[in-house]
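J.: The structure's right below; bear with me while I get my questions together.
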Amino acid sequence: MTPTTTNTNERPLLVVVLGPTGSGKTDLAVAIAHHFSTEIISTDSRQFYKGMPIGTAQPTAEQLAIVPHHFIADRLPEEELSAGGYEREALERLEELFARHNVVVAVGGSGLYIDALCEGFDDLPSDTREVREELMRRLSEEGLEALVEELRARDEAYWAVVDRKNPARIVRALEVCIASGLPYSTQRTAQKRERPFDVVKLGVLWDREELYDRINRRVDMMVANGLEEEARSVFHLRHLSSLQTVGYREFFDYFDGTISQEGAIELVKRNSRRYAKRQMTWFRRDTSTYWLAPNDTAGAIDIIREKLEK
RNA sequence: GGUGCGAUGGCCGAGUGGCUAGGCAAAGGUCUGCAAAACCUUCUACAGCGGUUCGAUUCCGCUUCGCACCU
């Protein structure tokens, strides 16, 4: 298909398609990308791993054949890609894509990764793996309180505002303090990074009940398509954060014998619903998002065209 | 027909003459490198009607419903 719109603006456009899990954003993104004869870059924190196509609902072979995709099943689960690493890699890839297209489509449900791509992070130490591991060890041995106290000593300003009950936040702050030798708070500017492209965000909005119903049915479909076998094939990788994923953890518990197979499936459904709810909480914050009815490809194309002509 | 036991929030479930058990589900929210992660908040119920009492979800009576047993 030929491009139906020319970009009169000198800046290229990144069309971000977002929405909760099971909202049909992949279909919409493929339709949009196909219409504009362009490519898709995934903003999903799990779909870039190999060996987990069913549970992470990666695009189908047909969809991949229609539109070239990036960051889909292109690395092993052992090669974990953090949001920061994703920001760097995805920006590089986008530069290549914008050399060939004036519109590129991004799709995915990971709010943090979308923000990393569109707004960027501050420059914080990147290789903190060892520091983190040490902190995790201390967390389990000394407890959260000890780490909170250390954070207070190293960065009282951040200590005053963090969620002190959340180990993940405490560990991350300490990790940055220790790795950089500077307080985390002085390095957090929360400033949006300048990007060489414009962004339009299109959200797929569902009625909650309907979405939950879709999610439940989609899980049944995944099970019918072999989710259990897929989970078994990555069972030995369960300790990796790439496998701390809805659809796998529940089956791991089933393999352990702590829950039944039926129970695992029910939990996959419930956890998928909760995930969708959290995604919506995240997405609602961005008031610049255009919310579309499900399957409203025409509406999406109209908005994009308007952006390009403006 | 009789006797006994029971009736607690969407569900499970403990308990008490005055002091919102708890769990699950759900809803709302937080979010700058594990994010499909991690974490926070909210949801004051005691079947109905009377009675006793300063005060009843808790005690008494009746009614309704459920379960069990007897005839």
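Each chain in the structure tokens gets a letter, A, B and so on, in the order shown; residues start at 1 in every chain, and ligands are counted from 1 in the order they appear.
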So that I can see what lies close to Ala99 of chain A, please list as a PyMOL selection string the residues with an atom at most 12 Å from it, counting only C-alpha atoms (C1' of nucleotides) and leaving out residues fewer than 4 positions away in the same chain.

T.: chain A and resi 11-13+38-39+92-95+103-104+196-197

J.: For the selection just defined, write its residues with C-alpha atoms to a file, as a PDB file, in the first residue's frame.

T.:
ATOM      1  CA  ARG A  11       9.643  16.165  12.252  1.00  0.00           C
ATOM      2  CA  PRO A  12       8.758  12.510  11.902  1.00  0.00           C
ATOM      3  CA  LEU A  13       5.852  11.090  13.870  1.00  0.00           C
ATOM      4  CA  THR A  38       5.618   1.506   7.797  1.00  0.00           C
ATOM      5  CA  GLU A  39       7.014  -0.649  10.588  1.00  0.00           C
ATOM      6  CA  GLU A  92      18.745   3.783  17.988  1.00  0.00           C
ATOM      7  CA  ARG A  93      16.338   1.572  16.139  1.00  0.00           C
ATOM      8  CA  LEU A  94      13.863   4.400  15.750  1.00  0.00           C
ATOM      9  CA  GLU A  95      16.514   6.548  14.157  1.00  0.00           C
ATOM     10  CA  VAL A 103       5.611   7.605  10.482  1.00  0.00           C
ATOM     11  CA  VAL A 104       6.497   4.712  12.741  1.00  0.00           C
ATOM     12  CA  PRO A 196      13.828  14.221  17.281  1.00  0.00           C
ATOM     13  CA  PHE A 197      10.241  13.162  16.585  1.00  0.00           C
TER      14      PHE A 197
END

J.: Determine, using only C-alpha atoms (C1' of nucleotides), which residues of chain B have any atom at most 8 Å from an atom of chain A, and tabulate each with its shortest atom pair and distance in Å to one decimal place, rows ordered by chain and then rising number, as JSON lines.

T.:
{"residue": "B:G29", "atom": "C1'", "partner": "A:Thr281", "partner_atom": "CA", "distance": 7.6}
{"residue": "B:U32", "atom": "C1'", "partner": "A:Phe121", "partner_atom": "CA", "distance": 5.2}
{"residue": "B:G33", "atom": "C1'", "partner": "A:Gly84", "partner_atom": "CA", "distance": 4.2}
{"residue": "B:C34", "atom": "C1'", "partner": "A:Ser241", "partner_atom": "CA", "distance": 5.4}
{"residue": "B:A35", "atom": "C1'", "partner": "A:Leu112", "partner_atom": "CA", "distance": 6.5}
{"residue": "B:A36", "atom": "C1'", "partner": "A:Thr245", "partner_atom": "CA", "distance": 4.8}
{"residue": "B:A37", "atom": "C1'", "partner": "A:Gln244", "partner_atom": "CA", "distance": 7.3}
{"residue": "B:A38", "atom": "C1'", "partner": "A:Ala168", "partner_atom": "CA", "distance": 5.3}
{"residue": "B:C39", "atom": "C1'", "partner": "A:Asn166", "partner_atom": "CA", "distance": 4.8}

J.: Please save C-alpha atoms (C1' of nucleotides) of the selected residues as a tab-separated table (two decimals), in the first residue's frame.

T.:
chain	number	residue	atom	x	y	z
B	29	G	C1'	-4.06	4.93	43.49
B	32	U	C1'	12.64	7.50	36.10
B	33	G	C1'	16.55	0.93	34.62
B	34	C	C1'	13.47	-6.35	37.74
B	35	A	C1'	7.54	-2.68	35.71
B	36	A	C1'	3.21	-8.56	33.01
B	37	A	C1'	7.37	-6.09	38.75
B	38	A	C1'	6.89	-3.91	43.55
B	39	C	C1'	3.88	-1.18	46.81

J.: Set the distance at 7 Å and use only C-alpha atoms (C1' of nucleotides): which residues neighbour segment 55-64 of chain B once local chain neighbours fewer than 2 positions away are removed? I'd like the list as a count of residues only.

T.: 5

J.: Looking only at helix (DSSP H, G or I) from DSSP on the backbone, list the matching residues of segment 147-267 of chain A as an mmCIF file with N, CA and C atoms, in the first residue's frame.

T.:
data_model
loop_
_atom_site.group_PDB
_atom_site.id
_atom_site.type_symbol
_atom_site.label_atom_id
_atom_site.label_comp_id
_atom_site.auth_asym_id
_atom_site.auth_seq_id
_atom_site.Cartn_x
_atom_site.Cartn_y
_atom_site.Cartn_z
ATOM 1 N N LEU A 147 17.701 -1.090 55.280
ATOM 2 C CA LEU A 147 17.972 -0.406 54.015
ATOM 3 C C LEU A 147 17.334 0.978 53.998
ATOM 4 N N VAL A 148 16.172 1.069 54.595
ATOM 5 C CA VAL A 148 15.501 2.373 54.665
ATOM 6 C C VAL A 148 16.368 3.344 55.465
ATOM 7 N N GLU A 149 16.949 2.854 56.556
ATOM 8 C CA GLU A 149 17.815 3.705 57.378
ATOM 9 C C GLU A 149 19.059 4.142 56.605
ATOM 10 N N GLU A 150 19.598 3.202 55.832
ATOM 11 C CA GLU A 150 20.771 3.566 55.048
ATOM 12 C C GLU A 150 20.414 4.612 53.992
ATOM 13 N N LEU A 151 19.247 4.459 53.421
ATOM 14 C CA LEU A 151 18.806 5.445 52.429
ATOM 15 C C LEU A 151 18.652 6.819 53.083
ATOM 16 N N ARG A 152 18.141 6.815 54.298
ATOM 17 C CA ARG A 152 17.968 8.070 55.014
ATOM 18 C C ARG A 152 19.318 8.774 55.194
ATOM 19 N N ALA A 153 20.340 7.964 55.489
ATOM 20 C CA ALA A 153 21.676 8.524 55.691
ATOM 21 C C ALA A 153 22.281 9.033 54.378
ATOM 22 N N ARG A 154 22.009 8.318 53.309
ATOM 23 C CA ARG A 154 22.630 8.680 52.034
ATOM 24 C C ARG A 154 21.860 9.743 51.258
ATOM 25 N N GLU A 156 18.549 11.890 52.333
ATOM 26 C CA GLU A 156 17.392 12.169 53.181
ATOM 27 C C GLU A 156 16.222 12.766 52.398
ATOM 28 N N ALA A 157 16.550 13.521 51.364
ATOM 29 C CA ALA A 157 15.490 14.156 50.572
ATOM 30 C C ALA A 157 14.619 13.094 49.892
ATOM 31 N N TYR A 158 15.264 12.091 49.356
ATOM 32 C CA TYR A 158 14.477 11.049 48.693
ATOM 33 C C TYR A 158 13.783 10.169 49.722
ATOM 34 N N TRP A 159 14.490 9.926 50.811
ATOM 35 C CA TRP A 159 13.910 9.130 51.903
ATOM 36 C C TRP A 159 12.572 9.729 52.338
ATOM 37 N N ALA A 160 12.522 11.060 52.350
ATOM 38 C CA ALA A 160 11.320 11.755 52.816
ATOM 39 C C ALA A 160 10.120 11.546 51.886
ATOM 40 N N VAL A 161 10.379 11.254 50.637
ATOM 41 C CA VAL A 161 9.260 11.136 49.692
ATOM 42 C C VAL A 161 8.991 9.724 49.170
ATOM 43 N N PRO A 167 10.016 -2.357 48.870
ATOM 44 C CA PRO A 167 11.416 -2.755 48.743
ATOM 45 C C PRO A 167 12.009 -2.390 47.384
ATOM 46 N N ALA A 168 11.229 -2.497 46.353
ATOM 47 C CA ALA A 168 11.748 -2.221 45.009
ATOM 48 C C ALA A 168 12.241 -0.778 44.908
ATOM 49 N N ARG A 169 11.480 0.147 45.497
ATOM 50 C CA ARG A 169 11.855 1.558 45.420
ATOM 51 C C ARG A 169 13.085 1.862 46.265
ATOM 52 N N ILE A 170 13.136 1.253 47.439
ATOM 53 C CA ILE A 170 14.248 1.485 48.355
ATOM 54 C C ILE A 170 15.542 0.945 47.747
ATOM 55 N N VAL A 171 15.453 -0.276 47.229
ATOM 56 C CA VAL A 171 16.637 -0.897 46.637
ATOM 57 C C VAL A 171 17.132 -0.090 45.442
ATOM 58 N N ARG A 172 16.220 0.347 44.621
ATOM 59 C CA ARG A 172 16.641 1.109 43.438
ATOM 60 C C ARG A 172 17.331 2.413 43.836
ATOM 61 N N ALA A 173 16.768 3.106 44.801
ATOM 62 C CA ALA A 173 17.356 4.375 45.223
ATOM 63 C C ALA A 173 18.762 4.148 45.779
ATOM 64 N N LEU A 174 18.898 3.142 46.616
ATOM 65 C CA LEU A 174 20.206 2.844 47.193
ATOM 66 C C LEU A 174 21.190 2.423 46.120
ATOM 67 N N GLU A 175 20.687 1.653 45.188
ATOM 68 C CA GLU A 175 21.505 1.174 44.086
ATOM 69 C C GLU A 175 22.128 2.364 43.340
ATOM 70 N N VAL A 176 21.329 3.363 43.073
ATOM 71 C CA VAL A 176 21.833 4.540 42.370
ATOM 72 C C VAL A 176 22.795 5.329 43.258
ATOM 73 N N CYS A 177 22.438 5.490 44.523
ATOM 74 C CA CYS A 177 23.309 6.226 45.453
ATOM 75 C C CYS A 177 24.686 5.572 45.537
ATOM 76 N N ILE A 178 24.684 4.258 45.704
ATOM 77 C CA ILE A 178 25.939 3.535 45.887
ATOM 78 C C ILE A 178 26.751 3.512 44.592
ATOM 79 N N ALA A 179 26.079 3.211 43.491
ATOM 80 C CA ALA A 179 26.791 3.091 42.216
ATOM 81 C C ALA A 179 27.355 4.431 41.744
ATOM 82 N N SER A 180 26.660 5.517 42.039
ATOM 83 C CA SER A 180 27.101 6.821 41.544
ATOM 84 C C SER A 180 27.873 7.609 42.593
ATOM 85 N N TYR A 184 20.472 9.947 45.117
ATOM 86 C CA TYR A 184 19.564 9.693 43.992
ATOM 87 C C TYR A 184 18.773 10.957 43.665
ATOM 88 N N SER A 185 18.304 11.633 44.684
ATOM 89 C CA SER A 185 17.414 12.776 44.461
ATOM 90 C C SER A 185 18.076 13.898 43.649
ATOM 91 N N THR A 186 19.371 14.062 43.791
ATOM 92 C CA THR A 186 20.018 15.144 43.034
ATOM 93 C C THR A 186 20.156 14.789 41.556
ATOM 94 N N GLN A 187 19.951 13.512 41.244
ATOM 95 C CA GLN A 187 20.103 13.080 39.853
ATOM 96 C C GLN A 187 18.769 12.902 39.148
ATOM 97 N N ARG A 208 -15.105 -1.895 31.047
ATOM 98 C CA ARG A 208 -14.366 -2.807 31.927
ATOM 99 C C ARG A 208 -14.872 -4.242 31.868
ATOM 100 N N GLU A 209 -16.185 -4.396 31.998
ATOM 101 C CA GLU A 209 -16.767 -5.739 31.982
ATOM 102 C C GLU A 209 -16.421 -6.483 30.694
ATOM 103 N N GLU A 210 -16.553 -5.782 29.600
ATOM 104 C CA GLU A 210 -16.276 -6.412 28.308
ATOM 105 C C GLU A 210 -14.809 -6.800 28.198
ATOM 106 N N LEU A 211 -13.946 -5.910 28.669
ATOM 107 C CA LEU A 211 -12.518 -6.197 28.598
ATOM 108 C C LEU A 211 -12.182 -7.433 29.432
ATOM 109 N N TYR A 212 -12.736 -7.496 30.631
ATOM 110 C CA TYR A 212 -12.466 -8.644 31.505
ATOM 111 C C TYR A 212 -12.954 -9.930 30.857
ATOM 112 N N ASP A 213 -14.076 -9.835 30.198
ATOM 113 C CA ASP A 213 -14.625 -10.990 29.520
ATOM 114 C C ASP A 213 -13.680 -11.434 28.398
ATOM 115 N N ARG A 214 -13.174 -10.473 27.670
ATOM 116 C CA ARG A 214 -12.213 -10.778 26.600
ATOM 117 C C ARG A 214 -10.954 -11.413 27.158
ATOM 118 N N ILE A 215 -10.481 -10.852 28.260
ATOM 119 C CA ILE A 215 -9.263 -11.385 28.871
ATOM 120 C C ILE A 215 -9.474 -12.836 29.294
ATOM 121 N N ASN A 216 -10.586 -13.094 29.958
ATOM 122 C CA ASN A 216 -10.866 -14.466 30.390
ATOM 123 C C ASN A 216 -10.888 -15.419 29.206
ATOM 124 N N ARG A 217 -11.526 -14.989 28.139
ATOM 125 C CA ARG A 217 -11.619 -15.863 26.967
ATOM 126 C C ARG A 217 -10.268 -16.026 26.283
ATOM 127 N N ARG A 218 -9.482 -14.954 26.317
ATOM 128 C CA ARG A 218 -8.172 -15.047 25.681
ATOM 129 C C ARG A 218 -7.256 -16.012 26.429
ATOM 130 N N VAL A 219 -7.383 -16.018 27.747
ATOM 131 C CA VAL A 219 -6.570 -16.961 28.519
ATOM 132 C C VAL A 219 -6.954 -18.395 28.164
ATOM 133 N N ASP A 220 -8.256 -18.648 28.056
ATOM 134 C CA ASP A 220 -8.684 -19.989 27.652
ATOM 135 C C ASP A 220 -8.072 -20.364 26.302
ATOM 136 N N MET A 221 -8.029 -19.380 25.420
ATOM 137 C CA MET A 221 -7.451 -19.591 24.100
ATOM 138 C C MET A 221 -5.962 -19.920 24.200
ATOM 139 N N MET A 222 -5.273 -19.180 25.039
ATOM 140 C CA MET A 222 -3.841 -19.425 25.221
ATOM 141 C C MET A 222 -3.597 -20.839 25.734
ATOM 142 N N VAL A 223 -4.440 -21.243 26.676
ATOM 143 C CA VAL A 223 -4.302 -22.595 27.222
ATOM 144 C C VAL A 223 -4.532 -23.611 26.112
ATOM 145 N N ALA A 224 -5.560 -23.382 25.309
ATOM 146 C CA ALA A 224 -5.854 -24.291 24.199
ATOM 147 C C ALA A 224 -4.701 -24.325 23.201
ATOM 148 N N LEU A 227 -0.269 -23.081 26.233
ATOM 149 C CA LEU A 227 0.442 -22.258 27.215
ATOM 150 C C LEU A 227 1.172 -23.101 28.257
ATOM 151 N N GLU A 228 0.521 -24.193 28.672
ATOM 152 C CA GLU A 228 1.143 -25.022 29.704
ATOM 153 C C GLU A 228 2.492 -25.580 29.232
ATOM 154 N N GLU A 229 2.523 -26.076 28.009
ATOM 155 C CA GLU A 229 3.770 -26.612 27.469
ATOM 156 C C GLU A 229 4.833 -25.525 27.337
ATOM 157 N N GLU A 230 4.375 -24.356 26.921
ATOM 158 C CA GLU A 230 5.306 -23.245 26.772
ATOM 159 C C GLU A 230 5.916 -22.883 28.132
ATOM 160 N N ALA A 231 5.062 -22.873 29.151
ATOM 161 C CA ALA A 231 5.542 -22.556 30.499
ATOM 162 C C ALA A 231 6.531 -23.622 30.961
ATOM 163 N N ARG A 232 6.223 -24.875 30.630
ATOM 164 C CA ARG A 232 7.119 -25.956 31.024
ATOM 165 C C ARG A 232 8.497 -25.795 30.358
ATOM 166 N N SER A 233 8.474 -25.313 29.157
ATOM 167 C CA SER A 233 9.734 -25.177 28.412
ATOM 168 C C SER A 233 10.622 -24.058 28.966
ATOM 169 N N PHE A 235 10.427 -23.333 32.355
ATOM 170 C CA PHE A 235 10.372 -23.552 33.809
ATOM 171 C C PHE A 235 11.749 -23.388 34.455
ATOM 172 N N HIS A 236 12.782 -23.876 33.752
ATOM 173 C CA HIS A 236 14.133 -23.803 34.314
ATOM 174 C C HIS A 236 14.647 -22.371 34.398
ATOM 175 N N LEU A 237 13.938 -21.432 33.797
ATOM 176 C CA LEU A 237 14.368 -20.021 33.818
ATOM 177 C C LEU A 237 13.532 -19.204 34.796
ATOM 178 N N SER A 241 13.884 -12.396 35.882
ATOM 179 C CA SER A 241 12.779 -11.443 35.966
ATOM 180 C C SER A 241 11.933 -11.469 34.695
ATOM 181 N N SER A 242 12.534 -11.897 33.603
ATOM 182 C CA SER A 242 11.738 -12.004 32.380
ATOM 183 C C SER A 242 10.620 -13.044 32.528
ATOM 184 N N LEU A 243 10.772 -13.921 33.509
ATOM 185 C CA LEU A 243 9.742 -14.937 33.728
ATOM 186 C C LEU A 243 8.849 -14.597 34.915
ATOM 187 N N ARG A 249 4.200 -17.634 35.893
ATOM 188 C CA ARG A 249 4.353 -17.878 37.330
ATOM 189 C C ARG A 249 3.280 -18.816 37.869
ATOM 190 N N GLU A 250 2.048 -18.622 37.397
ATOM 191 C CA GLU A 250 0.951 -19.430 37.901
ATOM 192 C C GLU A 250 1.150 -20.898 37.512
ATOM 193 N N PHE A 251 1.643 -21.122 36.305
ATOM 194 C CA PHE A 251 1.899 -22.507 35.889
ATOM 195 C C PHE A 251 3.100 -23.088 36.639
ATOM 196 N N PHE A 252 4.064 -22.244 36.968
ATOM 197 C CA PHE A 252 5.205 -22.732 37.751
ATOM 198 C C PHE A 252 4.714 -23.271 39.093
ATOM 199 N N ASP A 253 3.773 -22.558 39.687
ATOM 200 C CA ASP A 253 3.206 -23.034 40.960
ATOM 201 C C ASP A 253 2.486 -24.365 40.760
ATOM 202 N N TYR A 254 1.827 -24.492 39.648
ATOM 203 C CA TYR A 254 1.152 -25.755 39.342
ATOM 204 C C TYR A 254 2.188 -26.877 39.180
ATOM 205 N N PHE A 255 3.293 -26.580 38.500
ATOM 206 C CA PHE A 255 4.338 -27.597 38.324
ATOM 207 C C PHE A 255 4.939 -27.979 39.678
ATOM 208 N N ASP A 256 4.996 -27.020 40.580
ATOM 209 C CA ASP A 256 5.497 -27.287 41.929
ATOM 210 C C ASP A 256 4.528 -28.142 42.737
ATOM 211 N N GLN A 261 -4.161 -27.442 38.289
ATOM 212 C CA GLN A 261 -4.095 -26.881 36.945
ATOM 213 C C GLN A 261 -5.226 -25.877 36.725
ATOM 214 N N GLU A 262 -6.408 -26.270 37.174
ATOM 215 C CA GLU A 262 -7.545 -25.351 37.072
ATOM 216 C C GLU A 262 -7.294 -24.068 37.838
ATOM 217 N N GLY A 263 -6.731 -24.245 39.028
ATOM 218 C CA GLY A 263 -6.424 -23.082 39.858
ATOM 219 C C GLY A 263 -5.440 -22.160 39.167
ATOM 220 N N ALA A 264 -4.460 -22.748 38.513
ATOM 221 C CA ALA A 264 -3.459 -21.945 37.809
ATOM 222 C C ALA A 264 -4.126 -21.124 36.707
ATOM 223 N N ILE A 265 -5.008 -21.753 35.983
ATOM 224 C CA ILE A 265 -5.681 -21.049 34.886
ATOM 225 C C ILE A 265 -6.536 -19.904 35.431
ATOM 226 N N GLU A 266 -7.241 -20.180 36.519
ATOM 227 C CA GLU A 266 -8.054 -19.119 37.136
ATOM 228 C C GLU A 266 -7.177 -17.945 37.568
ATOM 229 N N LEU A 267 -6.018 -18.276 38.131
ATOM 230 C CA LEU A 267 -5.116 -17.217 38.586
ATOM 231 C C LEU A 267 -4.529 -16.425 37.417
#

J.: Quote the spacing between atom C1' of G50 of chain B and atom C1' of G4 of chain B in Å to one decimal place.

T.: 24.1 Å
